[in-house]
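Structure below is model32.pdb: PDB, C-alpha atoms, pLDDT in the B column.
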```pdb
MODEL        1
ATOM      1  CA  ARG M   1       1.465 -35.150  -6.467  1.00 68.00           C
ATOM      2  CA  LYS M   2       0.658 -32.228  -4.180  1.00 78.00           C
ATOM      3  CA  GLU M   3       3.331 -29.581  -3.850  1.00 87.00           C
ATOM      4  CA  VAL M   4       3.354 -29.928  -0.069  1.00 92.00           C
ATOM      5  CA  GLU M   5       1.980 -33.040   1.607  1.00 92.00           C
ATOM      6  CA  GLN M   6       1.272 -33.693   5.244  1.00 93.00           C
ATOM      7  CA  ASP M   7      -0.432 -36.478   7.133  1.00 88.00           C
ATOM      8  CA  PRO M   8      -3.654 -34.769   8.276  1.00 85.00           C
ATOM      9  CA  GLY M   9      -3.873 -36.878  11.434  1.00 86.00           C
ATOM     10  CA  PRO M  10      -5.342 -36.358  13.924  1.00 92.00           C
ATOM     11  CA  PHE M  11      -2.513 -37.266  16.229  1.00 93.00           C
ATOM     12  CA  ASN M  12      -3.899 -37.983  19.694  1.00 96.00           C
ATOM     13  CA  VAL M  13      -1.166 -38.094  22.324  1.00 96.00           C
ATOM     14  CA  PRO M  14      -1.026 -37.922  26.131  1.00 97.00           C
ATOM     15  CA  GLU M  15       0.578 -35.019  27.933  1.00 97.00           C
ATOM     16  CA  GLY M  16       4.332 -35.422  28.128  1.00 97.00           C
ATOM     17  CA  ALA M  17       4.588 -37.470  24.957  1.00 97.00           C
ATOM     18  CA  THR M  18       6.973 -36.801  22.114  1.00 97.00           C
ATOM     19  CA  VAL M  19       5.349 -36.439  18.714  1.00 96.00           C
ATOM     20  CA  ALA M  20       6.822 -35.962  15.252  1.00 95.00           C
ATOM     21  CA  PHE M  21       5.269 -34.629  12.070  1.00 94.00           C
ATOM     22  CA  ASN M  22       6.683 -35.069   8.609  1.00 94.00           C
ATOM     23  CA  CYS M  23       6.059 -33.088   5.484  1.00 94.00           C
ATOM     24  CA  THR M  24       7.230 -33.691   1.914  1.00 95.00           C
ATOM     25  CA  TYR M  25       7.590 -31.142  -0.865  1.00 94.00           C
ATOM     26  CA  SER M  26       7.839 -31.624  -4.594  1.00 91.00           C
ATOM     27  CA  ASN M  27       9.961 -28.682  -5.781  1.00 86.00           C
ATOM     28  CA  SER M  28      13.593 -29.586  -5.214  1.00 85.00           C
ATOM     29  CA  ALA M  29      14.625 -25.955  -5.782  1.00 82.00           C
ATOM     30  CA  SER M  30      12.623 -24.707  -2.782  1.00 84.00           C
ATOM     31  CA  GLN M  31      14.625 -22.356  -0.634  1.00 80.00           C
ATOM     32  CA  SER M  32      12.722 -21.556   2.551  1.00 84.00           C
ATOM     33  CA  PHE M  33      10.703 -23.712   4.880  1.00 90.00           C
ATOM     34  CA  PHE M  34       8.471 -22.954   7.832  1.00 92.00           C
ATOM     35  CA  TRP M  35       6.205 -24.497  10.402  1.00 96.00           C
ATOM     36  CA  TYR M  36       3.111 -22.511  11.301  1.00 96.00           C
ATOM     37  CA  ARG M  37       0.628 -23.251  14.040  1.00 97.00           C
ATOM     38  CA  GLN M  38      -3.076 -22.622  13.589  1.00 96.00           C
ATOM     39  CA  ASP M  39      -5.587 -22.790  16.401  1.00 95.00           C
ATOM     40  CA  CYS M  40      -9.240 -23.427  15.650  1.00 90.00           C
ATOM     41  CA  ARG M  41     -10.819 -20.432  13.893  1.00 85.00           C
ATOM     42  CA  LYS M  42      -7.648 -18.377  14.291  1.00 93.00           C
ATOM     43  CA  GLU M  43      -4.968 -17.144  11.950  1.00 95.00           C
ATOM     44  CA  PRO M  44      -1.781 -19.140  11.241  1.00 96.00           C
ATOM     45  CA  LYS M  45       1.106 -18.066  13.413  1.00 95.00           C
ATOM     46  CA  LEU M  46       4.751 -18.653  12.641  1.00 93.00           C
ATOM     47  CA  LEU M  47       6.174 -21.351  14.886  1.00 95.00           C
ATOM     48  CA  MET M  48       9.615 -21.828  13.372  1.00 92.00           C
ATOM     49  CA  SER M  49      11.616 -21.122  10.275  1.00 88.00           C
ATOM     50  CA  VAL M  50      13.520 -24.258   9.260  1.00 89.00           C
ATOM     51  CA  TYR M  51      17.208 -23.764   8.705  1.00 76.00           C
ATOM     52  CA  SER M  52      19.296 -26.045   6.537  1.00 79.00           C
ATOM     53  CA  SER M  53      21.211 -27.423   9.528  1.00 76.00           C
ATOM     54  CA  GLY M  54      18.097 -27.967  11.604  1.00 84.00           C
ATOM     55  CA  ASN M  55      17.127 -25.837  14.559  1.00 90.00           C
ATOM     56  CA  GLU M  56      15.673 -26.081  18.011  1.00 92.00           C
ATOM     57  CA  ASP M  57      13.472 -23.724  19.993  1.00 92.00           C
ATOM     58  CA  GLY M  58      12.715 -25.026  23.445  1.00 95.00           C
ATOM     59  CA  ARG M  59      10.636 -28.180  23.110  1.00 97.00           C
ATOM     60  CA  PHE M  60      10.416 -27.850  19.328  1.00 97.00           C
ATOM     61  CA  THR M  61      12.976 -29.160  16.837  1.00 96.00           C
ATOM     62  CA  ALA M  62      12.773 -28.722  13.078  1.00 95.00           C
ATOM     63  CA  GLN M  63      14.816 -30.695  10.569  1.00 94.00           C
ATOM     64  CA  LEU M  64      15.264 -30.355   6.835  1.00 93.00           C
ATOM     65  CA  ASN M  65      16.335 -33.169   4.539  1.00 92.00           C
ATOM     66  CA  ARG M  66      16.897 -31.710   1.075  1.00 90.00           C
ATOM     67  CA  ALA M  67      17.963 -35.008  -0.495  1.00 91.00           C
ATOM     68  CA  SER M  68      14.670 -36.649   0.432  1.00 92.00           C
ATOM     69  CA  GLN M  69      12.683 -33.404   0.210  1.00 93.00           C
ATOM     70  CA  TYR M  70      11.078 -33.581   3.596  1.00 91.00           C
ATOM     71  CA  ILE M  71      10.803 -31.430   6.678  1.00 95.00           C
ATOM     72  CA  SER M  72      10.045 -32.642  10.168  1.00 95.00           C
ATOM     73  CA  LEU M  73       8.823 -31.083  13.386  1.00 96.00           C
ATOM     74  CA  LEU M  74       9.446 -32.775  16.722  1.00 96.00           C
ATOM     75  CA  ILE M  75       7.570 -31.704  19.831  1.00 97.00           C
ATOM     76  CA  ARG M  76       8.893 -32.982  23.139  1.00 98.00           C
ATOM     77  CA  ASP M  77       7.039 -33.073  26.459  1.00 98.00           C
ATOM     78  CA  SER M  78       3.691 -32.222  24.844  1.00 98.00           C
ATOM     79  CA  LYS M  79       1.452 -29.764  26.657  1.00 97.00           C
ATOM     80  CA  LEU M  80      -2.319 -29.422  26.446  1.00 97.00           C
ATOM     81  CA  SER M  81      -1.697 -26.013  24.913  1.00 97.00           C
ATOM     82  CA  ASP M  82       0.141 -27.625  21.992  1.00 97.00           C
ATOM     83  CA  SER M  83      -3.202 -28.870  20.650  1.00 97.00           C
ATOM     84  CA  ALA M  84      -3.560 -27.187  17.269  1.00 96.00           C
ATOM     85  CA  THR M  85      -3.083 -27.730  13.557  1.00 95.00           C
ATOM     86  CA  TYR M  86       0.504 -27.542  12.349  1.00 96.00           C
ATOM     87  CA  LEU M  87       1.056 -26.260   8.823  1.00 95.00           C
ATOM     88  CA  CYS M  88       4.111 -27.144   6.777  1.00 95.00           C
ATOM     89  CA  VAL M  89       4.950 -24.242   4.495  1.00 93.00           C
ATOM     90  CA  VAL M  90       7.406 -24.061   1.613  1.00 91.00           C
ATOM     91  CA  ASN M  91       8.667 -21.074  -0.317  1.00 84.00           C
ATOM     92  CA  PRO M  92       9.408 -22.385  -3.809  1.00 78.00           C
ATOM     93  CA  PHE M  93      12.123 -20.636  -5.757  1.00 62.00           C
ATOM     94  CA  ILE M  94      11.585 -20.741  -9.478  1.00 56.00           C
ATOM     95  CA  VAL M  95      14.913 -20.445 -11.264  1.00 47.00           C
ATOM     96  CA  GLY M  96      14.888 -17.543 -13.705  1.00 46.00           C
ATOM     97  CA  SER M  97      11.975 -15.667 -12.147  1.00 52.00           C
ATOM     98  CA  SER M  98      11.720 -13.324  -9.207  1.00 55.00           C
ATOM     99  CA  ASN M  99      10.879 -14.901  -5.889  1.00 55.00           C
ATOM    100  CA  THR M 100       7.718 -13.171  -4.829  1.00 59.00           C
ATOM    101  CA  GLY M 101       7.351 -15.176  -1.671  1.00 60.00           C
ATOM    102  CA  LYS M 102       4.280 -17.081  -2.753  1.00 76.00           C
ATOM    103  CA  LEU M 103       4.199 -19.673  -0.034  1.00 84.00           C
ATOM    104  CA  ILE M 104       2.796 -23.134  -0.578  1.00 88.00           C
ATOM    105  CA  PHE M 105       0.835 -24.420   2.405  1.00 90.00           C
ATOM    106  CA  GLY M 106       0.233 -27.998   3.358  1.00 91.00           C
ATOM    107  CA  GLN M 107      -3.238 -28.881   4.546  1.00 90.00           C
ATOM    108  CA  GLY M 108      -2.010 -29.230   8.092  1.00 92.00           C
ATOM    109  CA  THR M 109      -1.595 -31.945  10.710  1.00 94.00           C
ATOM    110  CA  THR M 110      -3.951 -31.856  13.673  1.00 94.00           C
ATOM    111  CA  LEU M 111      -2.534 -32.559  17.117  1.00 96.00           C
ATOM    112  CA  GLN M 112      -4.704 -33.239  20.135  1.00 96.00           C
ATOM    113  CA  VAL M 113      -2.881 -33.525  23.443  1.00 97.00           C
ATOM    114  CA  LYS M 114      -4.956 -35.204  26.154  1.00 96.00           C
ATOM    115  CA  PRO M 115      -4.530 -35.104  29.917  1.00 95.00           C
TER     116      PRO M 115
ATOM    117  CA  ASN B   1       2.923  -2.537  16.902  1.00 69.00           C
ATOM    118  CA  ALA B   2      -0.491  -3.857  15.931  1.00 78.00           C
ATOM    119  CA  GLY B   3       1.037  -6.101  13.256  1.00 93.00           C
ATOM    120  CA  VAL B   4      -1.561  -7.053  10.643  1.00 96.00           C
ATOM    121  CA  THR B   5      -5.177  -6.057  11.193  1.00 97.00           C
ATOM    122  CA  GLN B   6      -8.271  -6.883   9.169  1.00 97.00           C
ATOM    123  CA  THR B   7     -11.732  -5.393   9.022  1.00 97.00           C
ATOM    124  CA  PRO B   8     -14.435  -6.506   9.294  1.00 97.00           C
ATOM    125  CA  LYS B   9     -14.125  -9.670  11.409  1.00 96.00           C
ATOM    126  CA  PHE B  10     -17.435 -11.110  10.229  1.00 96.00           C
ATOM    127  CA  ARG B  11     -19.811 -10.356   7.390  1.00 96.00           C
ATOM    128  CA  VAL B  12     -22.925 -11.875   5.851  1.00 97.00           C
ATOM    129  CA  LEU B  13     -23.770 -10.940   2.278  1.00 96.00           C
ATOM    130  CA  LYS B  14     -26.533 -11.809  -0.107  1.00 97.00           C
ATOM    131  CA  THR B  15     -25.680 -13.142  -3.549  1.00 97.00           C
ATOM    132  CA  GLY B  16     -24.814 -10.275  -5.863  1.00 97.00           C
ATOM    133  CA  GLN B  17     -23.849  -7.798  -3.164  1.00 97.00           C
ATOM    134  CA  SER B  18     -20.431  -6.211  -3.108  1.00 96.00           C
ATOM    135  CA  MET B  19     -18.005  -5.514  -0.310  1.00 96.00           C
ATOM    136  CA  THR B  20     -14.409  -4.578   0.437  1.00 97.00           C
ATOM    137  CA  LEU B  21     -12.145  -6.230   2.984  1.00 97.00           C
ATOM    138  CA  LEU B  22      -9.417  -4.047   4.430  1.00 97.00           C
ATOM    139  CA  CYS B  23      -5.989  -5.211   5.526  1.00 98.00           C
ATOM    140  CA  ALA B  24      -3.506  -2.919   7.242  1.00 97.00           C
ATOM    141  CA  GLN B  25       0.045  -3.536   8.448  1.00 97.00           C
ATOM    142  CA  ASP B  26       2.377  -1.330  10.442  1.00 95.00           C
ATOM    143  CA  MET B  27       5.608  -3.253   9.842  1.00 93.00           C
ATOM    144  CA  ASN B  28       6.616  -1.353   6.693  1.00 93.00           C
ATOM    145  CA  HIS B  29       6.515  -4.573   4.647  1.00 92.00           C
ATOM    146  CA  GLU B  30       6.602  -4.389   0.874  1.00 91.00           C
ATOM    147  CA  TYR B  31       4.823  -7.675   0.140  1.00 91.00           C
ATOM    148  CA  MET B  32       1.220  -8.332   1.088  1.00 94.00           C
ATOM    149  CA  TYR B  33      -1.106 -11.243   0.321  1.00 95.00           C
ATOM    150  CA  TRP B  34      -4.751 -12.251   0.397  1.00 97.00           C
ATOM    151  CA  TYR B  35      -5.636 -15.917   1.039  1.00 96.00           C
ATOM    152  CA  ARG B  36      -8.822 -17.863   1.486  1.00 96.00           C
ATOM    153  CA  GLN B  37      -9.153 -20.941   3.640  1.00 94.00           C
ATOM    154  CA  ASP B  38     -11.915 -23.496   3.209  1.00 92.00           C
ATOM    155  CA  PRO B  39     -12.615 -26.604   5.306  1.00 83.00           C
ATOM    156  CA  GLY B  40     -10.356 -29.497   4.361  1.00 74.00           C
ATOM    157  CA  MET B  41      -8.205 -27.342   2.128  1.00 77.00           C
ATOM    158  CA  GLY B  42      -5.012 -25.461   2.654  1.00 81.00           C
ATOM    159  CA  LEU B  43      -4.633 -21.738   2.334  1.00 90.00           C
ATOM    160  CA  ARG B  44      -4.993 -20.612  -1.271  1.00 91.00           C
ATOM    161  CA  LEU B  45      -3.535 -17.392  -2.598  1.00 92.00           C
ATOM    162  CA  ILE B  46      -6.041 -15.012  -4.196  1.00 95.00           C
ATOM    163  CA  HIS B  47      -3.943 -11.947  -5.060  1.00 95.00           C
ATOM    164  CA  TYR B  48      -0.721 -10.439  -3.861  1.00 93.00           C
ATOM    165  CA  SER B  49       1.248  -7.223  -4.045  1.00 93.00           C
ATOM    166  CA  VAL B  50       4.985  -6.658  -4.134  1.00 89.00           C
ATOM    167  CA  GLY B  51       4.729  -2.956  -3.404  1.00 91.00           C
ATOM    168  CA  GLU B  52       2.593   0.149  -3.400  1.00 94.00           C
ATOM    169  CA  GLY B  53       0.681   0.490  -6.651  1.00 94.00           C
ATOM    170  CA  THR B  54       1.337  -3.085  -7.817  1.00 93.00           C
ATOM    171  CA  THR B  55      -0.862  -6.170  -7.663  1.00 94.00           C
ATOM    172  CA  ALA B  56      -0.790  -9.627  -9.213  1.00 92.00           C
ATOM    173  CA  LYS B  57      -2.990 -12.695  -9.450  1.00 92.00           C
ATOM    174  CA  GLY B  58      -2.520 -15.717  -7.298  1.00 90.00           C
ATOM    175  CA  GLU B  59      -3.948 -19.205  -7.520  1.00 88.00           C
ATOM    176  CA  VAL B  60      -7.678 -18.362  -7.276  1.00 94.00           C
ATOM    177  CA  PRO B  61      -8.201 -14.746  -8.412  1.00 96.00           C
ATOM    178  CA  ASP B  62     -11.546 -15.037 -10.203  1.00 96.00           C
ATOM    179  CA  GLY B  63     -14.330 -12.971  -8.656  1.00 96.00           C
ATOM    180  CA  TYR B  64     -11.939 -10.773  -6.670  1.00 97.00           C
ATOM    181  CA  ASN B  65     -10.131  -7.502  -7.243  1.00 97.00           C
ATOM    182  CA  VAL B  66      -7.466  -5.810  -5.155  1.00 97.00           C
ATOM    183  CA  SER B  67      -5.818  -2.438  -4.740  1.00 97.00           C
ATOM    184  CA  ARG B  68      -2.653  -1.265  -2.987  1.00 97.00           C
ATOM    185  CA  LEU B  69      -2.853   2.521  -3.047  1.00 95.00           C
ATOM    186  CA  LYS B  70      -0.843   2.880   0.141  1.00 95.00           C
ATOM    187  CA  LYS B  71       2.015   0.673   1.277  1.00 95.00           C
ATOM    188  CA  GLN B  72       0.353  -0.165   4.552  1.00 96.00           C
ATOM    189  CA  ASN B  73      -3.053  -1.105   3.137  1.00 97.00           C
ATOM    190  CA  PHE B  74      -4.193  -3.919   0.857  1.00 98.00           C
ATOM    191  CA  LEU B  75      -7.867  -4.052  -0.102  1.00 98.00           C
ATOM    192  CA  LEU B  76      -9.765  -7.080  -1.383  1.00 98.00           C
ATOM    193  CA  GLY B  77     -13.001  -6.453  -3.260  1.00 97.00           C
ATOM    194  CA  LEU B  78     -15.874  -8.710  -4.169  1.00 96.00           C
ATOM    195  CA  GLU B  79     -17.923  -7.025  -6.903  1.00 92.00           C
ATOM    196  CA  SER B  80     -20.768  -9.538  -7.019  1.00 96.00           C
ATOM    197  CA  ALA B  81     -20.621 -12.047  -4.199  1.00 96.00           C
ATOM    198  CA  ALA B  82     -21.434 -15.711  -4.825  1.00 97.00           C
ATOM    199  CA  PRO B  83     -22.071 -18.527  -2.319  1.00 97.00           C
ATOM    200  CA  SER B  84     -18.800 -20.128  -3.482  1.00 96.00           C
ATOM    201  CA  GLN B  85     -17.000 -17.183  -1.925  1.00 97.00           C
ATOM    202  CA  THR B  86     -18.142 -18.179   1.554  1.00 97.00           C
ATOM    203  CA  SER B  87     -14.823 -18.648   3.306  1.00 96.00           C
ATOM    204  CA  VAL B  88     -12.372 -17.313   5.830  1.00 96.00           C
ATOM    205  CA  TYR B  89     -10.123 -14.654   4.324  1.00 98.00           C
ATOM    206  CA  PHE B  90      -6.659 -14.012   5.691  1.00 97.00           C
ATOM    207  CA  CYS B  91      -4.337 -11.184   4.845  1.00 97.00           C
ATOM    208  CA  ALA B  92      -0.587 -11.477   5.367  1.00 96.00           C
ATOM    209  CA  SER B  93       2.466  -9.286   5.033  1.00 94.00           C
ATOM    210  CA  GLU B  94       5.975 -10.515   4.510  1.00 89.00           C
ATOM    211  CA  GLY B  95       9.219  -9.593   6.198  1.00 79.00           C
ATOM    212  CA  GLY B  96      12.037 -10.956   8.318  1.00 71.00           C
ATOM    213  CA  SER B  97      15.293 -12.677   7.499  1.00 69.00           C
ATOM    214  CA  TYR B  98      13.653 -15.679   5.880  1.00 70.00           C
ATOM    215  CA  ASN B  99      10.701 -13.853   4.316  1.00 75.00           C
ATOM    216  CA  GLU B 100       8.272 -15.060   6.935  1.00 83.00           C
ATOM    217  CA  GLN B 101       4.626 -14.132   6.483  1.00 89.00           C
ATOM    218  CA  PHE B 102       2.578 -12.649   9.299  1.00 93.00           C
ATOM    219  CA  PHE B 103      -1.163 -13.062   9.219  1.00 96.00           C
ATOM    220  CA  GLY B 104      -4.097 -10.946  10.257  1.00 97.00           C
ATOM    221  CA  PRO B 105      -6.925 -12.399  12.388  1.00 97.00           C
ATOM    222  CA  GLY B 106      -9.125 -13.176   9.392  1.00 97.00           C
ATOM    223  CA  THR B 107     -12.534 -12.208   8.072  1.00 97.00           C
ATOM    224  CA  ARG B 108     -15.327 -14.770   8.138  1.00 96.00           C
ATOM    225  CA  LEU B 109     -17.570 -14.179   5.158  1.00 97.00           C
ATOM    226  CA  THR B 110     -20.852 -15.930   4.471  1.00 97.00           C
ATOM    227  CA  VAL B 111     -22.654 -15.406   1.175  1.00 97.00           C
ATOM    228  CA  LEU B 112     -26.283 -16.498   1.190  1.00 96.00           C
TER     229      LEU B 112
ENDMDL
END
```

Render the structure in this file as structure tokens.
Amino acid sequence: RKEVEQDPGPFNVPEGATVAFNCTYSNSASQSFFWYRQDCRKEPKLLMSVYSSGNEDGRFTAQLNRASQYISLLIRDSKLSDSATYLCVVNPFIVGSSNTGKLIFGQGTTLQVKP
Amino acid sequence: NAGVTQTPKFRVLKTGQSMTLLCAQDMNHEYMYWYRQDPGMGLRLIHYSVGEGTTAKGEVPDGYNVSRLKKQNFLLGLESAAPSQTSVYFCASEGGSYNEQFFGPGTRLTVL
């Protein structure tokens, strides 16, 4: 089983649609979770850190379910500019060793928003 | 603040040539990382550093060396380039409340 798994998509949605991405992780001791956005041929950019209680930033909502070991990202009222690859990222915490911040990246979910 | 910068942006090498990729950050971060990204694969960690003068191996360190002589700079070296090292290389530094990583714009390397 991969450490971080995402549905690669692509997700093709019309403008204004609501779309949700899920991501599962294998290490139950993981402490930090993030969603990054990556545009074609560009660097990943931090979209949101995922807090344990869930958090919202404008049209974006992130949820964490520790019991089921999955993270979700909800995008409401999709814009053309939301077209990108969304990376689920987990910071595993190994009990008994220092946390050096070695992030584990999912392969990404591609979103294409069409007019 | 420039954030994280990388030089060069593009490079073409012949097999066996050497080169150094430079990463610089102006955010006073202790931790820095080098990743490679290949089509259809996620980002893979090559080497990382938890502070000036320290480096450690990541997931795919073979064929690469690194140095962190100054806190703001993290260098990635290829001593004898191979076609398998054709990739996009990203540098990142880590900071923030939740240890977020911030990436440079990447270096696109082709080894012929």

Please, what distance in Å, to one decimal, runs between CA of Arg76 (chain M) and CA of Gly42 (chain B)?
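So the two atoms, CA of Arg76 (chain M) and CA of Gly42 (chain B), lie 25.9 Å apart.
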
Between CA of Asn65 (chain B) and CA of Lys45 (chain M), measure the distance and give it in Å to one decimal.
25.8 Å

Around (-0.7, -28.0, 3.2) in the file's frame, which residues reach within 7 Å when counting all atoms listed in the file? Return as a list in words?
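Applying the cut-off with all atoms listed in the file, one gets Val4, Glu5, Gln6, Leu87, Cys88, Val89, Phe105, Gly106, Gln107 and Gly108 of chain M; Gly42 of chain B.
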
I'd like to see the residues matched by the ChimeraX specification (/B :<9) & /M on this file, and ideally I'd get them as a VMD selection string.
chain M and resid 32 to 34 41 to 46 49 87 91 100 to 108

Go through the shown structure with the PyMOL selection byres ((chain M and resi 9) around 9) and write out the matching residues as a PyMOL selection string.
chain M and resi 6-8+10-12+108-111

Answer key for the PyMOL selection byres ((chain M and resi 53) around 12), residues as a compact mmCIF listing (two decimals) with C-alpha atoms, in the coordinates of the input:
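Final output, saved to out.txt:
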```txt
# COMPACT_ATOMS: atom_id res chain seq x y z
CA SER M 49 11.62 -21.12 10.28
CA VAL M 50 13.52 -24.26 9.26
CA TYR M 51 17.21 -23.76 8.70
CA SER M 52 19.30 -26.04 6.54
CA GLY M 54 18.10 -27.97 11.60
CA ASN M 55 17.13 -25.84 14.56
CA GLU M 56 15.67 -26.08 18.01
CA THR M 61 12.98 -29.16 16.84
CA ALA M 62 12.77 -28.72 13.08
CA GLN M 63 14.82 -30.70 10.57
CA LEU M 64 15.26 -30.36 6.84
CA ASN M 65 16.34 -33.17 4.54
CA ARG M 66 16.90 -31.71 1.08
CA ILE M 71 10.80 -31.43 6.68
```

Find the axis-aligned box for region 17-28 of chain B, covering all its listed atoms and adding 4 Å on each side, and write its centre and edge lengths in Å to one decimal as lines of an AutoDock Vina configuration file.
```
center_x = -8.6
center_y = -4.6
center_z = 3.6
size_x = 38.5
size_y = 14.5
size_z = 21.6
```

Expressed in Å to a single decimal, how great is the separation between CA of Ser84 (chain B) and CA of Val111 (chain B)?
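If I compute the distance from CA of Ser84 (chain B) to CA of Val111 (chain B), I get 7.7 Å.
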
Kindly add all heavy atoms to the incomplete region 20-27 of chain M and provide the output as an mmCIF file, keeping the file's coordinate frame.
```cif
data_model
loop_
_atom_site.group_PDB
_atom_site.id
_atom_site.type_symbol
_atom_site.label_atom_id
_atom_site.label_comp_id
_atom_site.auth_asym_id
_atom_site.auth_seq_id
_atom_site.Cartn_x
_atom_site.Cartn_y
_atom_site.Cartn_z
ATOM 1 N N ALA M 20 6.101 -36.469 16.423
ATOM 2 C CA ALA M 20 6.822 -35.962 15.252
ATOM 3 C C ALA M 20 5.896 -35.885 14.057
ATOM 4 O O ALA M 20 5.092 -36.791 13.815
ATOM 5 C CB ALA M 20 8.013 -36.864 14.937
ATOM 6 N N PHE M 21 6.013 -34.802 13.313
ATOM 7 C CA PHE M 21 5.269 -34.629 12.070
ATOM 8 C C PHE M 21 6.249 -34.554 10.910
ATOM 9 O O PHE M 21 7.301 -33.922 11.031
ATOM 10 C CB PHE M 21 4.468 -33.316 12.079
ATOM 11 C CG PHE M 21 3.583 -33.129 13.261
ATOM 12 C CD1 PHE M 21 3.495 -31.902 13.898
ATOM 13 C CD2 PHE M 21 2.812 -34.170 13.738
ATOM 14 C CE1 PHE M 21 2.668 -31.713 14.981
ATOM 15 C CE2 PHE M 21 1.980 -33.994 14.836
ATOM 16 C CZ PHE M 21 1.918 -32.766 15.465
ATOM 17 N N ASN M 22 5.874 -35.170 9.818
ATOM 18 C CA ASN M 22 6.683 -35.069 8.609
ATOM 19 C C ASN M 22 5.910 -34.376 7.510
ATOM 20 O O ASN M 22 4.671 -34.384 7.487
ATOM 21 C CB ASN M 22 7.097 -36.460 8.129
ATOM 22 C CG ASN M 22 8.137 -37.082 9.030
ATOM 23 O OD1 ASN M 22 8.948 -36.383 9.637
ATOM 24 N ND2 ASN M 22 8.112 -38.398 9.129
ATOM 25 N N CYS M 23 6.647 -33.817 6.597
ATOM 26 C CA CYS M 23 6.059 -33.088 5.484
ATOM 27 C C CYS M 23 6.977 -33.295 4.284
ATOM 28 O O CYS M 23 8.205 -33.226 4.430
ATOM 29 C CB CYS M 23 5.958 -31.611 5.867
ATOM 30 S SG CYS M 23 5.672 -30.481 4.513
ATOM 31 N N THR M 24 6.417 -33.567 3.124
ATOM 32 C CA THR M 24 7.230 -33.691 1.914
ATOM 33 C C THR M 24 6.867 -32.595 0.927
ATOM 34 O O THR M 24 5.722 -32.131 0.903
ATOM 35 C CB THR M 24 7.034 -35.057 1.240
ATOM 36 O OG1 THR M 24 5.644 -35.228 0.920
ATOM 37 C CG2 THR M 24 7.488 -36.179 2.149
ATOM 38 N N TYR M 25 7.833 -32.173 0.136
ATOM 39 C CA TYR M 25 7.590 -31.142 -0.865
ATOM 40 C C TYR M 25 8.124 -31.602 -2.209
ATOM 41 O O TYR M 25 9.056 -32.393 -2.286
ATOM 42 C CB TYR M 25 8.219 -29.807 -0.446
ATOM 43 C CG TYR M 25 9.712 -29.828 -0.243
ATOM 44 C CD1 TYR M 25 10.575 -29.460 -1.272
ATOM 45 C CD2 TYR M 25 10.259 -30.206 0.977
ATOM 46 C CE1 TYR M 25 11.943 -29.472 -1.097
ATOM 47 C CE2 TYR M 25 11.634 -30.235 1.164
ATOM 48 C CZ TYR M 25 12.462 -29.863 0.123
ATOM 49 O OH TYR M 25 13.825 -29.879 0.300
ATOM 50 N N SER M 26 7.536 -31.095 -3.268
ATOM 51 C CA SER M 26 7.839 -31.624 -4.594
ATOM 52 C C SER M 26 8.896 -30.821 -5.349
ATOM 53 O O SER M 26 9.576 -31.372 -6.221
ATOM 54 C CB SER M 26 6.559 -31.680 -5.438
ATOM 55 O OG SER M 26 5.997 -30.392 -5.578
ATOM 56 N N ASN M 27 9.032 -29.530 -5.040
ATOM 57 C CA ASN M 27 9.961 -28.682 -5.781
ATOM 58 C C ASN M 27 11.341 -28.727 -5.142
ATOM 59 O O ASN M 27 11.561 -28.155 -4.072
ATOM 60 C CB ASN M 27 9.433 -27.244 -5.825
ATOM 61 C CG ASN M 27 10.270 -26.335 -6.696
ATOM 62 O OD1 ASN M 27 11.423 -26.634 -7.014
ATOM 63 N ND2 ASN M 27 9.703 -25.214 -7.094
#
```
